[in-house]
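Structure file upload_32.pdb with PDB, C-alpha atoms:
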ATOM      1  CA  MET A   1      -4.564  58.143-104.810
ATOM      2  CA  ARG A   2      -1.655  55.763-105.427
ATOM      3  CA  LYS A   3       0.729  58.503-104.271
ATOM      4  CA  ALA A   4      -1.110  58.607-100.948
ATOM      5  CA  TYR A   5      -0.652  54.876-100.382
ATOM      6  CA  LEU A   6       3.013  55.136-101.384
ATOM      7  CA  SER A   7       3.482  57.981 -98.895
ATOM      8  CA  ILE A   8       1.868  55.886 -96.159
ATOM      9  CA  PHE A   9       4.256  53.061 -97.036
ATOM     10  CA  ARG A  10       7.292  55.346 -96.803
ATOM     11  CA  ILE A  11       6.187  56.974 -93.535
ATOM     12  CA  ARG A  12       5.551  53.612 -91.892
ATOM     13  CA  ALA A  13       8.917  52.315 -93.081
ATOM     14  CA  ALA A  14      10.708  55.401 -91.719
ATOM     15  CA  GLU A  15       9.021  54.935 -88.343
ATOM     16  CA  SER A  16      10.001  51.275 -88.146
ATOM     17  CA  PHE A  17      13.662  51.981 -88.978
ATOM     18  CA  GLN A  18      13.984  53.769 -85.626
ATOM     19  CA  TYR A  19      13.923  50.492 -83.698
ATOM     20  CA  ARG A  20      17.470  49.375 -84.548
ATOM     21  CA  ILE A  21      18.352  47.834 -81.175
ATOM     22  CA  ALA A  22      15.161  45.757 -81.158
ATOM     23  CA  ALA A  23      15.967  44.580 -84.677
ATOM     24  CA  LEU A  24      19.516  43.650 -83.649
ATOM     25  CA  SER A  25      18.291  41.638 -80.668
ATOM     26  CA  GLY A  26      15.718  39.917 -82.879
ATOM     27  CA  SER A  27      18.414  39.076 -85.424
ATOM     28  CA  LEU A  28      20.580  37.559 -82.698
ATOM     29  CA  THR A  29      17.643  35.507 -81.425
ATOM     30  CA  SER A  30      16.910  34.188 -84.914
ATOM     31  CA  PHE A  31      20.568  33.370 -85.454
ATOM     32  CA  LEU A  32      20.933  31.368 -82.232
ATOM     33  CA  TRP A  33      17.638  29.547 -82.763
ATOM     34  CA  ALA A  34      18.701  28.521 -86.276
ATOM     35  CA  VAL A  35      21.993  27.150 -84.938
ATOM     36  CA  ILE A  36      20.110  25.067 -82.362
ATOM     37  CA  GLU A  37      17.801  23.704 -85.054
ATOM     38  CA  ILE A  38      20.712  22.812 -87.319
ATOM     39  CA  ALA A  39      22.364  20.904 -84.459
ATOM     40  CA  ALA A  40      19.121  18.984 -83.833
ATOM     41  CA  PHE A  41      18.665  18.124 -87.522
ATOM     42  CA  THR A  42      22.316  17.016 -87.754
ATOM     43  CA  VAL A  43      21.696  14.491 -85.003
ATOM     44  CA  PHE A  44      18.453  13.415 -86.654
ATOM     45  CA  PHE A  45      20.041  12.774 -90.053
ATOM     46  CA  LYS A  46      23.031  11.007 -88.507
ATOM     47  CA  TYR A  47      21.145   8.534 -86.316
ATOM     48  CA  ALA A  48      17.712   8.220 -87.967
ATOM     49  CA  ARG A  49      16.855   4.849 -89.456
ATOM     50  CA  GLY A  50      16.071   5.058 -93.144
ATOM     51  CA  PRO A  51      15.995   8.200 -95.313
ATOM     52  CA  GLY A  52      15.420  11.532 -93.641
ATOM     53  CA  GLY A  53      12.676  12.589 -96.015
ATOM     54  CA  GLY A  54      12.661  14.629 -99.199
ATOM     55  CA  LEU A  55      15.772  16.657 -98.277
ATOM     56  CA  THR A  56      19.433  15.995 -97.566
ATOM     57  CA  LEU A  57      21.104  17.430 -94.469
ATOM     58  CA  GLU A  58      22.825  20.108 -96.565
ATOM     59  CA  GLN A  59      19.506  21.126 -98.139
ATOM     60  CA  THR A  60      17.837  21.174 -94.724
ATOM     61  CA  VAL A  61      20.529  23.493 -93.338
ATOM     62  CA  SER A  62      20.105  25.833 -96.306
ATOM     63  CA  HIS A  63      16.322  25.673 -95.883
ATOM     64  CA  ILE A  64      16.656  26.774 -92.251
ATOM     65  CA  TRP A  65      18.746  29.811 -93.196
ATOM     66  CA  VAL A  66      16.429  30.743 -96.056
ATOM     67  CA  ARG A  67      13.550  30.482 -93.610
ATOM     68  CA  GLU A  68      15.349  32.918 -91.300
ATOM     69  CA  LEU A  69      15.786  35.227 -94.289
ATOM     70  CA  LEU A  70      12.049  34.992 -94.935
ATOM     71  CA  LEU A  71      11.118  35.166 -91.261
ATOM     72  CA  PHE A  72       9.655  38.615 -91.860
ATOM     73  CA  LEU A  73       7.005  36.917 -93.992
ATOM     74  CA  GLN A  74       5.764  34.538 -91.335
ATOM     75  CA  PRO A  75       2.100  35.470 -90.686
ATOM     76  CA  TYR A  76       2.120  35.089 -86.911
ATOM     77  CA  ASN A  77       0.272  38.286 -86.063
ATOM     78  CA  ILE A  78      -1.222  41.408 -87.594
ATOM     79  CA  ASP A  79       0.374  44.832 -87.341
ATOM     80  CA  GLY A  80       0.543  45.906 -83.691
ATOM     81  CA  ASP A  81      -0.490  49.490 -84.412
ATOM     82  CA  LEU A  82      -3.560  48.339 -86.321
ATOM     83  CA  LEU A  83      -4.502  45.969 -83.516
ATOM     84  CA  GLY A  84      -4.186  48.866 -81.084
ATOM     85  CA  LYS A  85      -6.495  50.996 -83.217
ATOM     86  CA  LEU A  86      -9.078  48.207 -83.319
ATOM     87  CA  THR A  87      -9.066  47.728 -79.547
ATOM     88  CA  SER A  88      -8.785  51.383 -78.484
ATOM     89  CA  GLY A  89     -11.426  52.856 -80.770
ATOM     90  CA  ASP A  90      -8.968  54.852 -82.913
ATOM     91  CA  VAL A  91     -10.226  52.942 -85.927
ATOM     92  CA  GLY A  92     -12.985  55.545 -86.033
ATOM     93  CA  VAL A  93     -10.367  58.141 -87.007
ATOM     94  CA  GLU A  94      -9.119  55.854 -89.777
ATOM     95  CA  LEU A  95     -12.607  55.717 -91.261
ATOM     96  CA  CYS A  96     -12.631  59.512 -91.580
ATOM     97  CA  ARG A  97      -9.669  59.528 -93.958
ATOM     98  CA  PRO A  98     -10.506  59.895 -97.686
ATOM     99  CA  LEU A  99      -8.738  56.615 -98.434
ATOM    100  CA  ASP A 100      -9.797  53.044 -99.002
ATOM    101  CA  LEU A 101      -9.320  51.459 -95.574
ATOM    102  CA  TYR A 102      -8.138  48.141 -96.978
ATOM    103  CA  TRP A 103      -5.344  49.555 -99.160
ATOM    104  CA  HIS A 104      -4.409  52.083 -96.486
ATOM    105  CA  TRP A 105      -3.773  49.278 -94.002
ATOM    106  CA  PHE A 106      -2.227  47.098 -96.705
ATOM    107  CA  ALA A 107       0.456  49.769 -97.261
ATOM    108  CA  ARG A 108       1.167  49.998 -93.513
ATOM    109  CA  THR A 109       1.355  46.240 -93.088
ATOM    110  CA  SER A 110       3.665  45.658 -96.051
ATOM    111  CA  ALA A 111       5.985  48.516 -95.009
ATOM    112  CA  GLY A 112       6.401  47.045 -91.539
ATOM    113  CA  LYS A 113       7.275  43.659 -93.038
ATOM    114  CA  LEU A 114       9.842  45.154 -95.399
ATOM    115  CA  VAL A 115      11.683  46.945 -92.592
ATOM    116  CA  VAL A 116      11.915  43.734 -90.554
ATOM    117  CA  PHE A 117      13.497  42.081 -93.583
ATOM    118  CA  VAL A 118      16.166  44.757 -94.041
ATOM    119  CA  MET A 119      17.038  45.276 -90.368
ATOM    120  CA  ARG A 120      16.739  41.767 -88.998
ATOM    121  CA  CYS A 121      16.439  38.888 -91.435
ATOM    122  CA  LEU A 122      18.960  39.986 -94.064
ATOM    123  CA  VAL A 123      21.647  40.565 -91.409
ATOM    124  CA  CYS A 124      21.070  37.128 -89.903
ATOM    125  CA  PHE A 125      21.243  35.440 -93.319
ATOM    126  CA  LEU A 126      24.472  37.149 -94.400
ATOM    127  CA  VAL A 127      26.247  36.377 -91.114
ATOM    128  CA  ALA A 128      25.261  32.713 -91.519
ATOM    129  CA  PHE A 129      27.693  32.402 -94.461
ATOM    130  CA  LEU A 130      30.579  33.049 -92.027
ATOM    131  CA  LEU A 131      29.804  30.085 -89.783
ATOM    132  CA  PRO A 132      32.122  27.061 -89.816
ATOM    133  CA  GLY A 133      31.434  23.598 -91.151
ATOM    134  CA  GLY A 134      27.948  22.195 -91.371
ATOM    135  CA  PHE A 135      26.355  25.234 -89.712
ATOM    136  CA  ALA A 136      27.099  27.684 -92.516
ATOM    137  CA  ALA A 137      24.584  28.884 -95.079
ATOM    138  CA  ARG A 138      25.314  27.736 -98.606
ATOM    139  CA  PRO A 139      25.052  29.509-101.955
ATOM    140  CA  PRO A 140      22.033  28.802-104.179
ATOM    141  CA  ALA A 141      21.984  25.387-105.823
ATOM    142  CA  SER A 142      22.133  26.967-109.289
ATOM    143  CA  PRO A 143      22.228  30.425-110.893
ATOM    144  CA  ALA A 144      18.876  29.745-112.585
ATOM    145  CA  GLY A 145      17.347  28.739-109.258
ATOM    146  CA  PHE A 146      18.556  31.983-107.671
ATOM    147  CA  LEU A 147      17.194  34.099-110.526
ATOM    148  CA  LEU A 148      13.792  32.493-109.937
ATOM    149  CA  PHE A 149      14.189  32.703-106.157
ATOM    150  CA  VAL A 150      14.128  36.527-106.274
ATOM    151  CA  PRO A 151      10.689  36.888-107.951
ATOM    152  CA  ALA A 152       9.411  34.067-105.743
ATOM    153  CA  VAL A 153      10.395  36.128-102.670
ATOM    154  CA  LEU A 154       8.589  39.164-104.095
ATOM    155  CA  CYS A 155       5.482  37.039-104.688
ATOM    156  CA  ALA A 156       5.824  35.667-101.151
ATOM    157  CA  PHE A 157       5.903  39.253 -99.851
ATOM    158  CA  LEU A 158       2.644  39.984-101.668
ATOM    159  CA  LEU A 159       1.108  36.729-100.448
ATOM    160  CA  CYS A 160       2.059  37.353 -96.818
ATOM    161  CA  SER A 161       0.753  40.940 -96.878
ATOM    162  CA  SER A 162      -2.547  39.855 -98.417
ATOM    163  CA  PHE A 163      -2.969  37.083 -95.837
ATOM    164  CA  LEU A 164      -2.209  39.450 -92.958
ATOM    165  CA  MET A 165      -4.825  41.821 -94.329
ATOM    166  CA  LEU A 166      -7.282  38.919 -94.373
ATOM    167  CA  MET A 167      -6.464  38.348 -90.696
ATOM    168  CA  THR A 168      -6.936  42.074 -90.050
ATOM    169  CA  ALA A 169     -10.308  42.029 -91.810
ATOM    170  CA  VAL A 170     -11.415  39.059 -89.711
ATOM    171  CA  ARG A 171     -10.351  40.909 -86.545
ATOM    172  CA  THR A 172     -11.960  44.230 -87.536
ATOM    173  CA  ASN A 173     -15.355  43.744 -85.902
ATOM    174  CA  ILE A 174     -14.570  41.135 -83.245
ATOM    175  CA  THR A 175     -15.105  42.508 -79.755
ATOM    176  CA  TRP A 176     -14.600  39.331 -77.746
ATOM    177  CA  GLY A 177     -10.929  38.500 -78.277
ATOM    178  CA  ASP A 178      -8.155  37.607 -80.685
ATOM    179  CA  GLY A 179      -8.706  33.847 -80.837
ATOM    180  CA  PRO A 180      -9.582  33.594 -84.562
ATOM    181  CA  MET A 181      -6.612  35.776 -85.480
ATOM    182  CA  TYR A 182      -4.163  33.627 -83.490
ATOM    183  CA  LEU A 183      -5.549  30.420 -85.019
ATOM    184  CA  LEU A 184      -5.099  31.810 -88.533
ATOM    185  CA  GLY A 185      -1.556  32.909 -87.709
ATOM    186  CA  LEU A 186      -0.660  29.520 -86.225
ATOM    187  CA  ALA A 187      -2.013  27.697 -89.280
ATOM    188  CA  GLY A 188      -0.095  30.006 -91.602
ATOM    189  CA  GLY A 189       3.192  29.566 -89.737
ATOM    190  CA  LEU A 190       2.849  25.782 -89.586
ATOM    191  CA  LEU A 191       1.842  25.243 -93.225
ATOM    192  CA  SER A 192       4.391  27.701 -94.601
ATOM    193  CA  GLY A 193       7.298  25.574 -93.389
ATOM    194  CA  GLY A 194       8.125  28.009 -90.609
ATOM    195  CA  TYR A 195       8.400  25.243 -88.012
ATOM    196  CA  LEU A 196       9.444  22.246 -90.128
ATOM    197  CA  PRO A 197      10.390  22.104 -93.828
ATOM    198  CA  LEU A 198       7.341  20.831 -95.681
ATOM    199  CA  GLN A 199       9.393  18.319 -97.649
ATOM    200  CA  LEU A 200      10.157  16.493 -94.406
ATOM    201  CA  TRP A 201       6.443  15.869 -93.868
ATOM    202  CA  PRO A 202       4.957  12.477 -94.904
ATOM    203  CA  GLY A 203       5.148  11.745 -98.621
ATOM    204  CA  PHE A 204       1.412  11.297 -99.143
ATOM    205  CA  MET A 205       0.864  14.910 -98.019
ATOM    206  CA  GLN A 206       3.289  16.497-100.479
ATOM    207  CA  PRO A 207       0.799  17.333-103.301
ATOM    208  CA  PHE A 208      -1.498  19.068-100.807
ATOM    209  CA  LEU A 209       1.376  20.852 -99.054
ATOM    210  CA  LEU A 210       2.697  22.283-102.318
ATOM    211  CA  LEU A 211      -0.657  23.598-103.537
ATOM    212  CA  GLN A 212      -2.047  24.952-100.258
ATOM    213  CA  PRO A 213      -1.779  28.750 -99.905
ATOM    214  CA  PHE A 214       0.872  29.021 -97.209
ATOM    215  CA  ALA A 215       3.562  27.071 -99.085
ATOM    216  CA  GLY A 216       4.164  30.197-101.143
ATOM    217  CA  ILE A 217       5.212  32.215 -98.086
ATOM    218  CA  CYS A 218       8.383  30.272 -97.299
ATOM    219  CA  ASP A 219       8.540  26.766 -98.732
ATOM    220  CA  ILE A 220       8.362  27.511-102.476
ATOM    221  CA  PRO A 221      11.119  30.186-102.436
ATOM    222  CA  ALA A 222      13.246  27.899-100.252
ATOM    223  CA  ARG A 223      12.812  24.983-102.682
ATOM    224  CA  LEU A 224      14.091  27.133-105.535
ATOM    225  CA  TYR A 225      17.099  28.274-103.498
ATOM    226  CA  ILE A 226      18.185  24.837-102.282
ATOM    227  CA  GLY A 227      17.448  23.097-105.585
ATOM    228  CA  SER A 228      14.693  20.720-104.490
ATOM    229  CA  MET A 229      12.421  22.396-107.075
ATOM    230  CA  GLU A 230      13.793  22.477-110.598
ATOM    231  CA  PRO A 231      13.845  25.873-112.373
ATOM    232  CA  SER A 232      11.559  24.388-115.024
ATOM    233  CA  GLU A 233       8.932  23.816-112.302
ATOM    234  CA  ALA A 234       9.146  27.341-110.901
ATOM    235  CA  TRP A 235       6.158  28.501-112.943
ATOM    236  CA  LEU A 236       3.908  26.232-110.873
ATOM    237  CA  GLY A 237       5.186  27.596-107.571
ATOM    238  CA  ILE A 238       4.893  31.244-108.631
ATOM    239  CA  ALA A 239       1.442  30.589-110.101
ATOM    240  CA  VAL A 240       0.348  29.136-106.745
ATOM    241  CA  GLN A 241       1.668  32.245-104.969
ATOM    242  CA  LEU A 242      -0.114  34.679-107.274
ATOM    243  CA  PHE A 243      -3.359  32.704-107.258
ATOM    244  CA  TRP A 244      -3.637  32.660-103.475
ATOM    245  CA  SER A 245      -2.589  36.327-103.252
ATOM    246  CA  VAL A 246      -5.533  37.270-105.467
ATOM    247  CA  VAL A 247      -7.866  35.048-103.428
ATOM    248  CA  PHE A 248      -6.735  36.550-100.107
ATOM    249  CA  ILE A 249      -7.067  40.111-101.421
ATOM    250  CA  ALA A 250     -10.547  39.467-102.813
ATOM    251  CA  VAL A 251     -11.788  37.725 -99.666
ATOM    252  CA  GLY A 252     -10.108  40.279 -97.383
ATOM    253  CA  ARG A 253     -11.676  43.228 -99.176
ATOM    254  CA  PHE A 254     -15.073  41.544 -99.123
ATOM    255  CA  ILE A 255     -14.897  40.788 -95.389
ATOM    256  CA  MET A 256     -13.619  44.256 -94.510
ATOM    257  CA  ALA A 257     -16.359  45.947 -96.542
ATOM    258  CA  ARG A 258     -18.964  43.904 -94.685
ATOM    259  CA  ARG A 259     -17.389  44.443 -91.266
ATOM    260  CA  VAL A 260     -16.993  48.210 -91.653
ATOM    261  CA  LYS A 261     -20.730  48.588 -92.219
ATOM    262  CA  THR A 262     -21.444  47.100 -88.778
ATOM    263  CA  LEU A 263     -18.248  48.196 -87.026
ATOM    264  CA  VAL A 264     -18.498  48.723 -83.277
ATOM    265  CA  VAL A 265     -16.069  51.456 -82.151
ATOM    266  CA  GLN A 266     -15.105  50.767 -78.570
ATOM    267  CA  GLY A 267     -12.622  52.142 -76.106
ATOM    268  CA  GLY A 268     -11.776  55.802 -75.660
TER     269      GLY A 268
END
Using structure tokens, write down the structure that the file contains.
Amino acid sequence: MRKAYLSIFRIRAAESFQYRIAALSGSLTSFLWAVIEIAAFTVFFKYARGPGGGLTLEQTVSHIWVRELLLFLQPYNIDGDLLGKLTSGDVGVELCRPLDLYWHWFARTSAGKLVVFVMRCLVCFLVAFLLPGGFAARPPASPAGFLLFVPAVLCAFLLCSSFLMLMTAVRTNITWGDGPMYLLGLAGGLLSGGYLPLQLWPGFMQPFLLLQPFAGICDIPARLYIGSMEPSEAWLGIAVQLFWSVVFIAVGRFIMARRVKTLVVQGG
């Protein structure tokens, strides 16, 4: 059975690699947007009264580029093909396959995310090292931080995929719109640090922001890369990522099992 899910993963990845021009345009968009943000933060740190928050300007610039590297993990929306199946009625065909629907869709979702990383985000991040002056991406703060950054990214990949599957499970038997899905995606993007580094939020919110589930998608790996989280504290961040991944998988499987029993197949 595991070979079947691995084959689904590989097929979905091969399909997604065909869209090279779209990936290139997306990479260019991410690159230009990051440059605009860096310019805005440079002005903020230069003219703001008092400290700029829990990060220096150099750390903020690195955080922005790491965020662009991890942009493929931002949980803004569920897989487009799966959404099409839910709205067109093709989900009925999916139920006929001798596979667990949750893990079948989990493999498809994670494969799509991985391809976006390779074709779009990684290119943008590597080019950022060639920029001049204060706009350039910087190396990791320490070798130990980088060695812990890699498993943190892998855990973030698992966390993002499990959360997207939770969104998919919530959407499975909704026939009156995508509102709940968009609200979940907006909350995930905001609390992951996708719009503003979480360490620039008010100080009294920091304990909550570190322990809430979405910090593990972007903020915790970024902290390890830029050095605002010591390597000795990495165990806490990775533990938070794994804990919420297990919670999302358990809740997602439970919701999907309940929704499939009363699924309304519409369209045609």
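Within 6 Å of segment 201-216 of chain A, once all atoms listed in the file are used and residues closer than 5 positions along the same chain are dropped, the contacting residues are Ala156, Gly188, Leu191, Ser192, Gln241 and Trp244 of chain A.
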Legend entry - Spatial neighbours of Ile238 of chain A, max dist 12 Å, all atoms listed in the file, sep filter under 5 positions, as an NGL selection string: :A and (148-159 or 210-211 or 213 or 215-221 or 223-224 or 229 or 231-233 or 243-245)
Inset, instruction - Identify the residues around (15.1, 18.7, -101.6) within a radius of 12 Å, measuring from all atoms listed in the file in the coordinates stated by the file, and give them as an MDAnalysis selection string. - result: chainID A and resid 52:63 141 197:201 219:220 222:230
Inset, instruction - Could you tell me which residues the PyMOL selection byres ((chain A and resi 138) around 8) grabs in this file, written as a list in words? - result: Ser62, Phe129, Ala136, Ala137, Pro139 and Pro140 of chain A
Restricting the output to C-alpha atoms, write the selected residues as a compact mmCIF listing (two decimals), in the frame of the given file.
# COMPACT_ATOMS: atom_id res chain seq x y z
CA SER A 62 20.10 25.83 -96.31
CA PHE A 129 27.69 32.40 -94.46
CA ALA A 136 27.10 27.68 -92.52
CA ALA A 137 24.58 28.88 -95.08
CA PRO A 139 25.05 29.51 -101.96
CA PRO A 140 22.03 28.80 -104.18
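Distances to Ile78 of chain A were evaluated for A:Lys3, A:His104, A:Arg171, A:Arg258 using only C-alpha atoms, and the minimum falls at A:Arg171.
With all atoms listed in the file as the atoms that count, the minimum distance from Lys113 of chain A to the choices A:Ser7, A:Ser30, A:Ser162, A:Thr42 is reached by A:Ser162.
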Legend entry - Interatomic distance, atom CA of Pro132 of chain A to atom CA of Val116 of chain A (Å, one decimal): 26.2 Å
Around all the atoms of segment 104-116 of chain A listed in the file, draw an axis-aligned box and extend it by 4 Å on each of the six sides; I want its centre and edge lengths in Å to one decimal, as JSON.
{"center_x": 3.8, "center_y": 47.9, "center_z": -93.9, "size_x": 24.3, "size_y": 16.4, "size_z": 14.7}
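The interatomic distance for the pair atom CA of Gly194 of chain A and atom CA of Asn77 of chain A works out to 13.7 Å.
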Inset, instruction - Give me, please, the distance in Å between atom CA of Ser110 of chain A and atom CA of Ser161 of chain A, quoted to one decimal. - result: 5.6 Å
Legend entry - Hits from the PyMOL selection byres ((chain A and resi 250) around 12), listed as JSON, numbers by chain: {"A": [102, 103, 162, 163, 165, 166, 169, 243, 244, 245, 246, 247, 248, 249, 251, 252, 253, 254, 255, 256, 257]}
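Among A:Leu131, A:Leu186, A:Val240, A:Val43, the residue with the shortest atom-to-atom distance to Phe31 of chain A, counting all atoms listed in the file, is A:Leu131.
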Inset, instruction - Find, counting only C-alpha atoms, the residue in A:Leu190, A:Leu114, A:Leu71, A:Val127 that gets nearest to Val35 of chain A. - result: A:Val127
Legend entry - Ground truth for the PyMOL selection byres ((chain A and resi 125) around 8), written as number ranges by chain: A: 65-66, 68-69, 121-124, 126-129, 137
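Of the listed residues A:Val260, A:Ala4, A:Leu70, A:Leu28, the one whose atoms come nearest to Asn173 of chain A is A:Val260, with distances taken using all atoms listed in the file.
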Export of segment 154-184 of chain A: N, CA and C atoms, as a short mmCIF file (atom, residue, chain, number, x, y, z; two decimals), in the first residue's frame:
data_model
loop_
_atom_site.label_atom_id
_atom_site.label_comp_id
_atom_site.auth_asym_id
_atom_site.auth_seq_id
_atom_site.Cartn_x
_atom_site.Cartn_y
_atom_site.Cartn_z
N LEU A 154 12.06 20.19 7.05
CA LEU A 154 11.37 18.93 6.78
C LEU A 154 10.14 18.79 7.68
N CYS A 155 10.28 19.17 8.94
CA CYS A 155 9.13 19.12 9.86
C CYS A 155 8.07 20.15 9.44
N ALA A 156 8.52 21.30 8.93
CA ALA A 156 7.58 22.31 8.45
C ALA A 156 6.81 21.80 7.23
N PHE A 157 7.48 21.03 6.38
CA PHE A 157 6.83 20.42 5.22
C PHE A 157 5.73 19.46 5.66
N LEU A 158 6.02 18.65 6.66
CA LEU A 158 5.02 17.73 7.20
C LEU A 158 3.87 18.50 7.85
N LEU A 159 4.20 19.55 8.59
CA LEU A 159 3.18 20.34 9.26
C LEU A 159 2.26 21.03 8.27
N CYS A 160 2.84 21.62 7.22
CA CYS A 160 2.03 22.30 6.21
C CYS A 160 1.12 21.31 5.49
N SER A 161 1.65 20.15 5.10
CA SER A 161 0.84 19.16 4.39
C SER A 161 -0.31 18.67 5.26
N SER A 162 -0.04 18.44 6.54
CA SER A 162 -1.10 17.97 7.44
C SER A 162 -2.16 19.04 7.66
N PHE A 163 -1.74 20.32 7.71
CA PHE A 163 -2.73 21.38 7.87
C PHE A 163 -3.57 21.54 6.61
N LEU A 164 -2.94 21.45 5.44
CA LEU A 164 -3.70 21.54 4.20
C LEU A 164 -4.69 20.39 4.08
N MET A 165 -4.32 19.23 4.57
CA MET A 165 -5.26 18.11 4.55
C MET A 165 -6.41 18.33 5.53
N LEU A 166 -6.13 19.03 6.63
CA LEU A 166 -7.22 19.42 7.53
C LEU A 166 -8.18 20.37 6.83
N MET A 167 -7.63 21.34 6.08
CA MET A 167 -8.47 22.24 5.30
C MET A 167 -9.29 21.48 4.27
N THR A 168 -8.65 20.50 3.62
CA THR A 168 -9.34 19.69 2.61
C THR A 168 -10.46 18.89 3.25
N ALA A 169 -10.21 18.34 4.43
CA ALA A 169 -11.25 17.57 5.13
C ALA A 169 -12.42 18.46 5.50
N VAL A 170 -12.13 19.68 5.94
CA VAL A 170 -13.21 20.62 6.28
C VAL A 170 -14.03 20.96 5.04
N ARG A 171 -13.37 21.06 3.89
CA ARG A 171 -14.05 21.44 2.64
C ARG A 171 -14.81 20.27 2.00
N THR A 172 -14.51 19.04 2.41
CA THR A 172 -15.00 17.86 1.70
C THR A 172 -16.50 17.82 1.54
N ASN A 173 -17.27 18.15 2.53
CA ASN A 173 -18.72 18.02 2.43
C ASN A 173 -19.43 19.36 2.60
N ILE A 174 -18.76 20.44 2.19
CA ILE A 174 -19.39 21.76 2.21
C ILE A 174 -19.88 22.08 0.80
N THR A 175 -21.15 22.33 0.67
CA THR A 175 -21.74 22.58 -0.64
C THR A 175 -22.14 24.04 -0.84
N TRP A 176 -21.81 24.90 0.13
CA TRP A 176 -22.28 26.28 0.03
C TRP A 176 -21.16 27.30 -0.03
N GLY A 177 -19.94 26.86 -0.40
CA GLY A 177 -18.87 27.82 -0.61
C GLY A 177 -17.57 27.45 0.08
N ASP A 178 -16.56 28.28 -0.17
CA ASP A 178 -15.21 28.02 0.32
C ASP A 178 -14.80 28.94 1.46
N GLY A 179 -15.78 29.60 2.09
CA GLY A 179 -15.47 30.54 3.16
C GLY A 179 -14.64 29.97 4.28
N PRO A 180 -15.03 28.84 4.90
CA PRO A 180 -14.22 28.28 5.99
C PRO A 180 -12.79 27.96 5.57
N MET A 181 -12.62 27.47 4.35
CA MET A 181 -11.29 27.12 3.86
C MET A 181 -10.41 28.37 3.75
N TYR A 182 -10.97 29.46 3.21
CA TYR A 182 -10.21 30.69 3.06
C TYR A 182 -9.85 31.30 4.41
N LEU A 183 -10.74 31.20 5.38
CA LEU A 183 -10.46 31.73 6.72
C LEU A 183 -9.32 30.95 7.37
N LEU A 184 -9.34 29.62 7.23
CA LEU A 184 -8.25 28.81 7.77
C LEU A 184 -6.93 29.15 7.10
#
